[in-house]
file final.txt (compact mmCIF, C-alpha atoms)
# COMPACT_ATOMS: atom_id res chain seq x y z
CA MET A 1 33.86 106.38 -115.36
CA SER A 2 37.03 104.27 -115.16
CA VAL A 3 37.18 101.25 -112.89
CA SER A 4 40.00 99.90 -110.76
CA PRO A 5 42.21 96.96 -111.85
CA ALA A 6 40.55 94.79 -109.16
CA PHE A 7 37.12 95.52 -110.60
CA GLU A 8 38.29 94.89 -114.16
CA PHE A 9 39.94 91.61 -113.19
CA ALA A 10 36.96 90.32 -111.20
CA ALA A 11 34.47 91.27 -113.89
CA GLU A 12 36.48 89.55 -116.63
CA GLN A 13 36.88 86.41 -114.53
CA LEU A 14 33.21 86.26 -113.62
CA ASP A 15 32.21 86.81 -117.23
CA ALA A 16 34.49 83.96 -118.37
CA ALA A 17 33.60 81.50 -115.61
CA SER A 18 29.83 81.92 -115.32
CA SER A 19 26.83 81.82 -117.60
CA LEU A 20 26.32 85.55 -117.05
CA SER A 21 26.90 87.93 -119.92
CA ARG A 22 29.61 90.60 -119.71
CA LEU A 23 27.03 93.22 -118.83
CA GLU A 24 25.40 90.98 -116.21
CA SER A 25 28.77 90.12 -114.63
CA ARG A 26 29.75 93.75 -114.31
CA GLY A 27 26.28 94.70 -113.08
CA THR A 28 26.34 91.97 -110.43
CA ILE A 29 29.71 93.15 -109.15
CA ARG A 30 28.60 96.77 -109.16
CA ILE A 31 25.52 95.88 -107.08
CA ALA A 32 27.68 93.90 -104.65
CA ILE A 33 30.28 96.60 -104.16
CA LYS A 34 27.55 99.19 -103.66
CA GLN A 35 26.13 97.02 -100.90
CA ALA A 36 29.60 96.93 -99.38
CA GLY A 37 29.91 100.73 -99.45
CA LEU A 38 32.75 100.60 -101.98
CA GLU A 39 33.28 102.29 -105.33
CA ALA A 40 34.20 100.73 -108.68
CA HIS A 41 36.84 103.33 -109.52
CA ASN A 42 39.03 102.71 -106.49
CA ILE A 43 38.16 99.29 -105.02
CA THR A 44 41.31 97.38 -104.11
CA ALA A 45 42.05 93.68 -104.53
CA PHE A 46 41.79 93.20 -100.76
CA GLN A 47 38.37 94.83 -100.65
CA MET A 48 37.22 92.89 -103.70
CA ARG A 49 38.24 89.69 -101.96
CA ARG A 50 35.92 90.51 -99.07
CA VAL A 51 33.10 91.27 -101.51
CA PHE A 52 33.64 87.90 -103.19
CA GLU A 53 33.70 86.15 -99.85
CA MET A 54 30.64 87.77 -98.33
CA ILE A 55 28.33 89.23 -100.95
CA ILE A 56 28.89 87.89 -104.46
CA PRO A 57 27.95 84.24 -103.67
CA LYS A 58 24.48 85.36 -102.53
CA GLU A 59 24.11 87.66 -105.54
CA LEU A 60 25.02 84.83 -107.91
CA GLU A 61 22.63 82.48 -106.16
CA ALA A 62 19.85 85.04 -106.58
CA ARG A 63 20.59 84.95 -110.33
CA GLY A 64 20.45 81.15 -110.46
CA VAL A 65 24.22 80.71 -110.71
CA GLU A 66 26.07 78.23 -108.50
CA GLY A 67 28.84 80.57 -107.43
CA THR A 68 30.86 78.79 -104.76
CA GLU A 69 33.50 77.31 -107.06
CA ILE A 70 33.61 80.33 -109.32
CA CYS A 71 34.17 82.64 -106.35
CA LYS A 72 36.92 80.38 -104.98
CA ARG A 73 38.79 80.58 -108.29
CA ILE A 74 38.41 84.33 -108.55
CA LEU A 75 39.59 84.72 -104.95
CA VAL A 76 42.80 82.87 -105.82
CA GLY A 77 43.31 85.23 -108.76
CA LEU A 78 42.68 88.26 -106.57
CA ASP A 79 45.35 87.00 -104.16
CA HIS A 80 47.94 87.50 -106.88
CA LEU A 81 46.62 90.81 -108.14
CA GLU A 82 48.68 93.84 -107.23
CA ASP A 83 46.88 97.13 -106.70
CA THR A 84 48.13 100.20 -108.48
CA LYS A 85 49.22 102.63 -105.81
CA SER A 86 46.86 105.62 -105.66
CA LYS A 87 48.60 108.98 -105.40
CA ASP A 88 45.86 110.32 -103.11
CA PRO A 89 45.02 108.79 -99.73
CA SER A 90 41.46 107.61 -99.19
CA PRO A 91 39.16 109.72 -96.98
CA ASP A 92 39.15 106.96 -94.35
CA ALA A 93 42.96 106.97 -94.23
CA VAL A 94 42.90 110.74 -93.70
CA PHE A 95 40.21 110.55 -90.97
CA ARG A 96 41.98 107.68 -89.25
CA HIS A 97 45.08 109.86 -89.06
CA LEU A 98 43.18 112.96 -87.88
CA GLY A 99 41.82 111.05 -84.90
CA GLY A 100 45.34 110.03 -83.91
CA ASP A 101 45.03 106.41 -85.14
CA PHE A 102 48.08 105.37 -87.09
CA MET B 1 26.60 140.54 -71.54
CA GLY B 2 30.25 141.43 -70.82
CA LEU B 3 31.45 138.57 -68.61
CA GLY B 4 29.30 135.86 -70.22
CA PHE B 5 30.32 137.00 -73.68
CA ILE B 6 34.03 137.06 -72.85
CA THR B 7 33.84 133.64 -71.09
CA THR B 8 32.02 132.00 -74.02
CA LEU B 9 34.46 133.52 -76.46
CA LEU B 10 37.47 132.35 -74.45
CA VAL B 11 36.11 128.80 -74.24
CA PHE B 12 35.46 128.81 -77.97
CA VAL B 13 38.94 130.14 -78.78
CA SER B 14 40.58 127.61 -76.43
CA VAL B 15 38.73 124.65 -77.99
CA CYS B 16 39.60 125.81 -81.51
CA ALA B 17 43.24 126.39 -80.52
CA ALA B 18 43.49 122.92 -78.95
CA ILE B 19 41.92 121.10 -81.90
CA GLY B 20 43.66 123.24 -84.54
CA GLY B 21 47.04 122.95 -82.84
CA ARG B 22 46.75 119.19 -82.57
CA LEU B 23 45.80 118.84 -86.24
CA VAL B 24 48.64 121.08 -87.40
CA LEU B 25 51.06 118.99 -85.34
CA LEU B 26 49.55 115.81 -86.81
CA SER B 27 50.31 117.13 -90.30
CA ARG B 28 54.00 116.50 -89.51
CA THR B 29 53.34 112.77 -89.24
CA GLY B 30 51.49 112.22 -92.53
CA HIS B 31 48.58 113.29 -94.73
CA ARG B 32 50.24 116.67 -94.69
CA LEU B 33 47.87 118.85 -96.71
CA PRO B 34 44.51 117.64 -95.33
CA ALA B 35 45.74 117.74 -91.72
CA LEU B 36 47.43 121.11 -92.11
CA SER B 37 44.46 122.69 -93.91
CA ILE B 38 41.86 121.58 -91.38
CA GLY B 39 44.13 122.61 -88.51
CA LEU B 40 44.62 126.05 -90.04
CA ALA B 41 40.86 126.33 -90.63
CA PHE B 42 40.29 125.95 -86.88
CA ILE B 43 43.08 128.37 -85.98
CA PHE B 44 42.30 131.14 -88.49
CA SER B 45 38.51 131.04 -88.13
CA GLY B 46 38.15 130.02 -84.49
CA CYS B 47 41.11 131.75 -82.84
CA PHE B 48 41.24 134.95 -84.88
CA GLY B 49 38.44 135.57 -87.39
CA PHE B 50 35.34 134.88 -85.34
CA PRO B 51 36.64 136.40 -82.06
CA LEU B 52 37.90 139.60 -83.71
CA LEU B 53 34.61 140.18 -85.54
CA SER B 54 32.56 139.30 -82.44
CA VAL B 55 34.48 141.80 -80.32
CA ALA B 56 34.26 144.46 -83.05
CA ASN B 57 30.52 143.88 -83.31
CA ALA B 58 29.89 143.78 -79.57
CA PHE B 59 32.00 146.79 -78.56
CA PRO B 60 32.22 149.16 -81.55
CA GLU B 61 32.62 152.29 -79.42
CA ALA B 62 35.41 150.82 -77.33
CA MET B 63 37.31 150.02 -80.54
CA GLY B 64 37.43 153.68 -81.52
CA SER B 65 39.65 154.37 -84.51
CA THR B 66 40.86 150.75 -84.64
CA LEU B 67 37.39 149.37 -85.46
CA GLY B 68 37.95 149.26 -89.23
CA ALA B 69 41.36 147.62 -88.87
CA VAL B 70 40.02 145.00 -86.41
CA GLN B 71 37.18 144.19 -88.79
CA LEU B 72 39.56 143.81 -91.71
CA ALA B 73 41.85 141.57 -89.68
CA GLY B 74 38.80 139.51 -88.64
CA PHE B 75 37.61 139.11 -92.22
CA ALA B 76 41.12 138.27 -93.43
CA ALA B 77 41.41 135.50 -90.83
CA LEU B 78 37.88 134.26 -91.49
CA ASN B 79 38.56 134.10 -95.23
CA LEU B 80 41.85 132.26 -94.72
CA GLY B 81 40.08 129.80 -92.43
CA SER B 82 37.32 129.33 -94.95
CA MET B 83 39.80 128.73 -97.78
CA ALA B 84 41.61 126.19 -95.62
CA LEU B 85 38.33 124.33 -95.03
CA TRP B 86 37.57 124.31 -98.76
CA VAL B 87 41.05 122.87 -99.39
CA PHE B 88 40.55 120.21 -96.72
CA THR B 89 37.26 119.00 -98.21
CA TRP B 90 38.69 119.01 -101.72
CA ARG B 91 41.92 117.19 -100.86
CA THR B 92 40.18 114.66 -98.61
CA PHE B 93 37.07 113.77 -100.58
CA ARG B 94 37.62 114.91 -104.21
CA PRO B 95 41.37 115.18 -104.79
CA SER B 96 41.23 114.35 -108.49
CA SER B 97 37.91 115.95 -109.33
CA ARG B 98 37.95 118.73 -111.89
CA TRP B 99 34.63 120.24 -110.76
CA ALA B 100 35.87 120.39 -107.18
CA SER B 101 39.06 122.22 -108.12
CA THR B 102 37.01 124.63 -110.25
CA LEU B 103 34.64 125.24 -107.33
CA ILE B 104 37.59 125.94 -105.04
CA SER B 105 39.11 128.37 -107.53
CA ILE B 106 35.82 130.29 -107.78
CA ALA B 107 35.52 130.43 -103.98
CA PHE B 108 39.10 131.72 -103.66
CA ILE B 109 38.62 134.39 -106.32
CA LEU B 110 35.35 135.59 -104.76
CA LEU B 111 36.74 135.75 -101.23
CA THR B 112 39.90 137.56 -102.36
CA ALA B 113 38.01 140.04 -104.56
CA ILE B 114 35.50 140.85 -101.84
CA PHE B 115 38.22 141.28 -99.26
CA LEU B 116 40.20 143.64 -101.52
CA LEU B 117 37.01 145.60 -102.15
CA LYS B 118 36.50 145.85 -98.42
CA VAL B 119 40.08 147.02 -97.88
CA GLY B 120 39.46 149.78 -100.38
CA THR B 121 36.19 150.96 -98.86
CA THR B 122 36.56 150.44 -95.10
CA GLU B 123 37.18 153.51 -93.03
CA ALA B 124 38.78 153.49 -89.62
CA THR B 125 35.57 153.81 -87.65
CA SER B 126 33.01 152.32 -90.01
CA GLU B 127 30.71 149.67 -88.57
CA LEU B 128 29.94 146.37 -90.30
CA GLU B 129 27.83 146.93 -93.42
CA PHE B 130 25.45 144.23 -94.60
CA ASN B 131 25.73 145.07 -98.30
CA SER B 132 25.81 142.72 -101.29
CA ALA B 133 29.58 142.17 -101.00
CA PHE B 134 29.10 141.07 -97.38
CA TRP B 135 26.44 138.56 -98.41
CA VAL B 136 28.49 137.09 -101.24
CA GLY B 137 31.45 136.60 -98.86
CA PHE B 138 29.14 135.23 -96.18
CA SER B 139 27.63 132.72 -98.64
CA VAL B 140 31.03 131.50 -99.83
CA ARG B 141 32.14 131.04 -96.22
CA ALA B 142 28.89 129.22 -95.32
CA LEU B 143 29.10 126.93 -98.38
CA GLY B 144 32.45 125.58 -97.16
CA PRO B 145 31.03 123.75 -94.11
CA LEU B 146 27.91 122.79 -96.08
CA TRP B 147 30.05 121.01 -98.66
CA ALA B 148 32.11 119.44 -95.86
CA ALA B 149 28.90 118.16 -94.21
CA ILE B 150 27.51 116.69 -97.44
CA GLU B 151 30.76 114.89 -98.30
CA SER B 152 31.32 113.64 -94.79
CA LEU B 153 27.78 112.31 -94.30
CA ARG B 154 27.81 110.69 -97.75
CA TYR B 155 31.07 108.95 -96.86
CA TYR B 156 29.64 107.91 -93.51
CA THR B 157 26.88 105.96 -95.28
CA LEU B 158 29.59 104.12 -97.27
CA MET B 159 31.68 103.46 -94.17
CA ARG B 160 28.72 102.00 -92.26
CA ARG B 161 28.31 99.36 -94.96
CA ARG B 162 32.04 98.62 -94.92
CA VAL B 163 31.96 98.15 -91.16
CA LYS B 164 29.31 95.43 -91.58
CA ILE B 165 31.67 93.29 -93.66
CA GLY B 166 34.76 94.07 -91.62
CA LEU B 167 36.34 96.47 -94.10
CA ALA B 168 36.31 99.57 -91.90
CA ASP B 169 36.95 100.56 -88.32
CA PRO B 170 33.70 101.61 -86.56
CA VAL B 171 35.50 104.42 -84.71
CA VAL B 172 36.80 105.91 -87.94
CA SER B 173 33.40 105.42 -89.56
CA ASN B 174 31.74 107.32 -86.72
CA ARG B 175 34.32 110.12 -87.14
CA PHE B 176 32.71 110.97 -90.49
CA LEU B 177 29.33 111.27 -88.78
CA LEU B 178 30.81 113.52 -86.09
CA TRP B 179 32.50 115.77 -88.63
CA GLY B 180 29.26 115.89 -90.64
CA ILE B 181 27.30 116.93 -87.53
CA ALA B 182 29.93 119.52 -86.57
CA SER B 183 29.89 120.98 -90.09
CA LEU B 184 26.09 121.07 -90.16
CA GLY B 185 26.22 122.87 -86.81
CA THR B 186 28.45 125.53 -88.37
CA VAL B 187 26.00 125.89 -91.26
CA SER B 188 23.07 126.20 -88.80
CA MET B 189 24.89 128.93 -86.88
CA SER B 190 25.45 130.80 -90.15
CA ALA B 191 21.76 130.39 -90.97
CA SER B 192 20.75 131.78 -87.58
CA THR B 193 23.06 134.76 -88.17
CA VAL B 194 21.27 135.44 -91.46
CA PHE B 195 17.92 135.11 -89.69
CA VAL B 196 18.85 137.66 -87.04
CA ILE B 197 20.50 140.13 -89.46
CA LEU B 198 17.64 140.07 -91.96
CA LEU B 199 14.73 139.99 -89.55
CA GLY B 200 16.43 141.48 -86.50
CA PRO B 201 14.50 144.77 -86.27
CA SER B 202 11.11 143.05 -86.64
CA LEU B 203 11.83 140.21 -84.19
CA SER B 204 10.57 140.24 -80.62
CA ASP B 205 13.12 140.01 -77.81
CA GLU B 206 11.91 136.48 -77.02
CA ILE B 207 12.63 135.27 -80.57
CA VAL B 208 16.08 136.87 -80.57
CA GLU B 209 16.80 135.26 -77.19
CA LEU B 210 15.49 131.89 -78.40
CA THR B 211 17.70 132.11 -81.50
CA ARG B 212 20.68 132.89 -79.27
CA VAL B 213 19.94 129.91 -76.97
CA LEU B 214 19.44 127.57 -79.95
CA GLY B 215 22.70 128.86 -81.41
CA MET B 216 24.47 128.04 -78.14
CA ILE B 217 22.98 124.52 -78.07
CA VAL B 218 23.97 123.89 -81.69
CA GLY B 219 27.42 125.33 -80.94
CA LEU B 220 27.77 122.97 -77.99
CA ILE B 221 26.74 119.91 -80.03
CA SER B 222 29.10 121.00 -82.78
CA GLY B 223 31.97 121.51 -80.34
CA VAL B 224 31.47 118.14 -78.66
CA SER B 225 31.32 116.44 -82.07
CA MET B 226 34.59 118.07 -83.12
CA TRP B 227 36.22 117.12 -79.84
CA PHE B 228 35.13 113.48 -80.10
CA ALA B 229 36.22 113.36 -83.75
CA PHE B 230 39.72 114.74 -83.23
CA PHE B 231 40.38 114.07 -79.52
CA PRO B 232 38.52 110.76 -79.17
CA PRO B 233 38.33 109.92 -75.43
CA GLU B 234 39.06 106.36 -74.35
CA PHE B 235 35.49 105.63 -73.18
CA TYR B 236 34.18 106.73 -76.55
CA ARG B 237 36.62 104.47 -78.40
CA ARG B 238 35.76 101.56 -76.12
CA SER B 239 32.04 101.98 -76.83
CA PHE B 240 32.71 100.69 -80.35
CA GLU B 241 34.54 97.56 -79.28
CA PRO B 242 32.58 94.32 -79.70
CA LYS B 243 31.05 93.07 -76.45
CA SER B 244 30.17 89.58 -75.28
CA PRO B 245 26.56 88.83 -74.20
CA THR B 246 27.62 89.55 -70.61
CA GLY B 247 28.77 93.02 -71.58
CA GLU B 248 32.50 92.35 -71.42
CA ILE B 249 34.69 93.71 -74.16
CA VAL B 250 36.02 90.85 -76.28
call {"tool": "encode", "arguments": {"input": "final.txt", "output": "structure tokens"}}
result
Amino acid sequence: MSVSPAFEFAAEQLDAASSLSRLESRGTIRIAIKQAGLEAHNITAFQMRRVFEMIIPKELEARGVEGTEICKRILVGLDHLEDTKSKDPSPDAVFRHLGGDF
Amino acid sequence: MGLGFITTLLVFVSVCAAIGGRLVLLSRTGHRLPALSIGLAFIFSGCFGFPLLSVANAFPEAMGSTLGAVQLAGFAALNLGSMALWVFTWRTFRPSSRWASTLISIAFILLTAIFLLKVGTTEATSELEFNSAFWVGFSVRALGPLWAAIESLRYYTLMRRRVKIGLADPVVSNRFLLWGIASLGTVSMSASTVFVILLGPSLSDEIVELTRVLGMIVGLISGVSMWFAFFPPEFYRRSFEPKSPTGEIV
């Protein structure tokens, strides 16, 4: 299954900056985004930021990697990453609208 | 049965008209296809399909020579409502999925074919027949809310996790749970219909009555869930706002 640009970017950065292998980097991010209730194919840069702020540091620590600095650098990169605009709205955007919340 | 039946039906139609009308109007302000399709699902099924078939079933003699036509109109509306619900689930949860669009196409073809078959075989005064065509149509219509429930409850589990890290609104998250419950309620009511049709003659009056009461309770839960999902009252919204230790909303 294809992954979003935010996932691809974060995985490449983590692979390059940490001692984790490519497979381990991607696996760690997949585990973290699953914990956050997000999906690799449509996670946005904004959502990935939150995952890197709140979940990834603990996941890296659990794997014996000091992740604070690495996460900070990746967060800066995510700040400059533009999401590709999806042609379909997300289910939460639709349900927000259906309840009258704009 | 007369007055109670008519009252219940009128309440049901009014609730469906209110929710459906609001959703159709909302489709003018964005998310056009999902909002329009779910609104039409409420209007076709709740305001026309279900009431027409209920009246035809409850008062076949009073219908006289119009019975067949009323039944056909009821099935047409029910099928349109069902198709609209299938479209809503597809466009909301699986807009780019090939298997979902295939599933929808199969459902549409089956509902259309069975309806055309019914048009060709229904006579003016014929009562509802529970033949194989009826059951195929019934199953397709029941699978619509089942799919909606599965997708909505699956998404609710994702939304709950997002809420914990501040990536989702708890009110919107809860809306998926409410829609899942409402859809499951619709499936349960279909299941109880199957139960009564298949085992009806062998069931005692107490069991039939119990099934009817359970159906009403499930219908009530389903209706309240739909109302809270699409007409969220202020007290319900406020119940999700963070509170201080003293109970004040912060």
call {"tool": "residues_around", "arguments": {"input": "final.txt", "residues": "Lys164 of chain B", "least_positions_apart": "6", "cutoff": "12 Å", "atoms": "only C-alpha atoms", "output": "list of chain:residue names"}}
result
A:Gln35, A:Ala36, A:Gly37, A:Arg50, A:Val51, A:Met54, A:Ile55, B:Thr157, B:Leu158, B:Pro170, B:Ser173
call {"tool": "closest_residue", "arguments": {"input": "final.txt", "among": "B:Thr7, B:Thr29, B:Ser190, B:Ser239", "to": "Val94 of chain A", "atoms": "only C-alpha atoms"}}
result
B:Thr29
call {"tool": "interface_residues", "arguments": {"input": "final.txt", "of": "chain B", "to": "chain A", "cutoff": "8 Å", "atoms": "only C-alpha atoms", "output": "list in words"}}
result
Leu23, Leu26, Gly30, His31, Pro34, Ala35, Thr92, Phe93, Pro95, Thr157, Leu158, Met159, Arg160, Arg161, Arg162, Lys164, Ile165, Leu167, Val172, Ser173, Arg175, Phe176, Ala229, Phe230, Phe231 and Pro232 of chain B
call {"tool": "write_last_selection", "arguments": {"input": "final.txt", "atoms": "C-alpha atoms", "output": "short mmCIF file (atom, residue, chain, number, x, y, z; two decimals), keeping the file's coordinate frame"}}
result
data_model
loop_
_atom_site.label_atom_id
_atom_site.label_comp_id
_atom_site.auth_asym_id
_atom_site.auth_seq_id
_atom_site.Cartn_x
_atom_site.Cartn_y
_atom_site.Cartn_z
CA LEU B 23 45.80 118.84 -86.24
CA LEU B 26 49.55 115.81 -86.81
CA GLY B 30 51.49 112.22 -92.53
CA HIS B 31 48.58 113.29 -94.73
CA PRO B 34 44.51 117.64 -95.33
CA ALA B 35 45.74 117.74 -91.72
CA THR B 92 40.18 114.66 -98.61
CA PHE B 93 37.07 113.77 -100.58
CA PRO B 95 41.37 115.18 -104.79
CA THR B 157 26.88 105.96 -95.28
CA LEU B 158 29.59 104.12 -97.27
CA MET B 159 31.68 103.46 -94.17
CA ARG B 160 28.72 102.00 -92.26
CA ARG B 161 28.31 99.36 -94.96
CA ARG B 162 32.04 98.62 -94.92
CA LYS B 164 29.31 95.43 -91.58
CA ILE B 165 31.67 93.29 -93.66
CA LEU B 167 36.34 96.47 -94.10
CA VAL B 172 36.80 105.91 -87.94
CA SER B 173 33.40 105.42 -89.56
CA ARG B 175 34.32 110.12 -87.14
CA PHE B 176 32.71 110.97 -90.49
CA ALA B 229 36.22 113.36 -83.75
CA PHE B 230 39.72 114.74 -83.23
CA PHE B 231 40.38 114.07 -79.52
CA PRO B 232 38.52 110.76 -79.17
#
call {"tool": "residues_around", "arguments": {"input": "final.txt", "residues": "Leu78 of chain B", "least_positions_apart": "5", "cutoff": "12 Å", "atoms": "all atoms listed in the file", "output": "mmCIF file with C-alpha atoms, in the frame of the given file"}}
result
data_model
loop_
_atom_site.group_PDB
_atom_site.id
_atom_site.type_symbol
_atom_site.label_atom_id
_atom_site.label_comp_id
_atom_site.auth_asym_id
_atom_site.auth_seq_id
_atom_site.Cartn_x
_atom_site.Cartn_y
_atom_site.Cartn_z
ATOM 1 C CA LEU B 40 44.620 126.050 -90.040
ATOM 2 C CA ALA B 41 40.860 126.330 -90.630
ATOM 3 C CA PHE B 42 40.290 125.950 -86.880
ATOM 4 C CA ILE B 43 43.080 128.370 -85.980
ATOM 5 C CA PHE B 44 42.300 131.140 -88.490
ATOM 6 C CA SER B 45 38.510 131.040 -88.130
ATOM 7 C CA GLY B 46 38.150 130.020 -84.490
ATOM 8 C CA CYS B 47 41.110 131.750 -82.840
ATOM 9 C CA PHE B 48 41.240 134.950 -84.880
ATOM 10 C CA GLY B 49 38.440 135.570 -87.390
ATOM 11 C CA PHE B 50 35.340 134.880 -85.340
ATOM 12 C CA PRO B 51 36.640 136.400 -82.060
ATOM 13 C CA LEU B 52 37.900 139.600 -83.710
ATOM 14 C CA LEU B 53 34.610 140.180 -85.540
ATOM 15 C CA SER B 54 32.560 139.300 -82.440
ATOM 16 C CA GLN B 71 37.180 144.190 -88.790
ATOM 17 C CA LEU B 72 39.560 143.810 -91.710
ATOM 18 C CA ALA B 73 41.850 141.570 -89.680
ATOM 19 C CA MET B 83 39.800 128.730 -97.780
ATOM 20 C CA ALA B 84 41.610 126.190 -95.620
ATOM 21 C CA LEU B 85 38.330 124.330 -95.030
ATOM 22 C CA LEU B 111 36.740 135.750 -101.230
ATOM 23 C CA THR B 112 39.900 137.560 -102.360
ATOM 24 C CA PHE B 115 38.220 141.280 -99.260
ATOM 25 C CA GLY B 137 31.450 136.600 -98.860
ATOM 26 C CA PHE B 138 29.140 135.230 -96.180
ATOM 27 C CA VAL B 140 31.030 131.500 -99.830
ATOM 28 C CA ARG B 141 32.140 131.040 -96.220
ATOM 29 C CA ALA B 142 28.890 129.220 -95.320
ATOM 30 C CA GLY B 144 32.450 125.580 -97.160
#
call {"tool": "residues_around", "arguments": {"input": "final.txt", "residues": "Ala6 of chain A", "least_positions_apart": "4", "cutoff": "8 Å", "atoms": "all atoms listed in the file", "output": "PDB file with C-alpha atoms, keeping the file's coordinate frame"}}
result
ATOM      1  CA  ALA A  10      36.960  90.320-111.200  1.00  0.00           C
ATOM      2  CA  ILE A  43      38.160  99.290-105.020  1.00  0.00           C
ATOM      3  CA  THR A  44      41.310  97.380-104.110  1.00  0.00           C
ATOM      4  CA  ALA A  45      42.050  93.680-104.530  1.00  0.00           C
ATOM      5  CA  MET A  48      37.220  92.890-103.700  1.00  0.00           C
ATOM      6  CA  LEU A  78      42.680  88.260-106.570  1.00  0.00           C
ATOM      7  CA  LEU A  81      46.620  90.810-108.140  1.00  0.00           C
ATOM      8  CA  ASP A  83      46.880  97.130-106.700  1.00  0.00           C
TER       9      ASP A  83
END
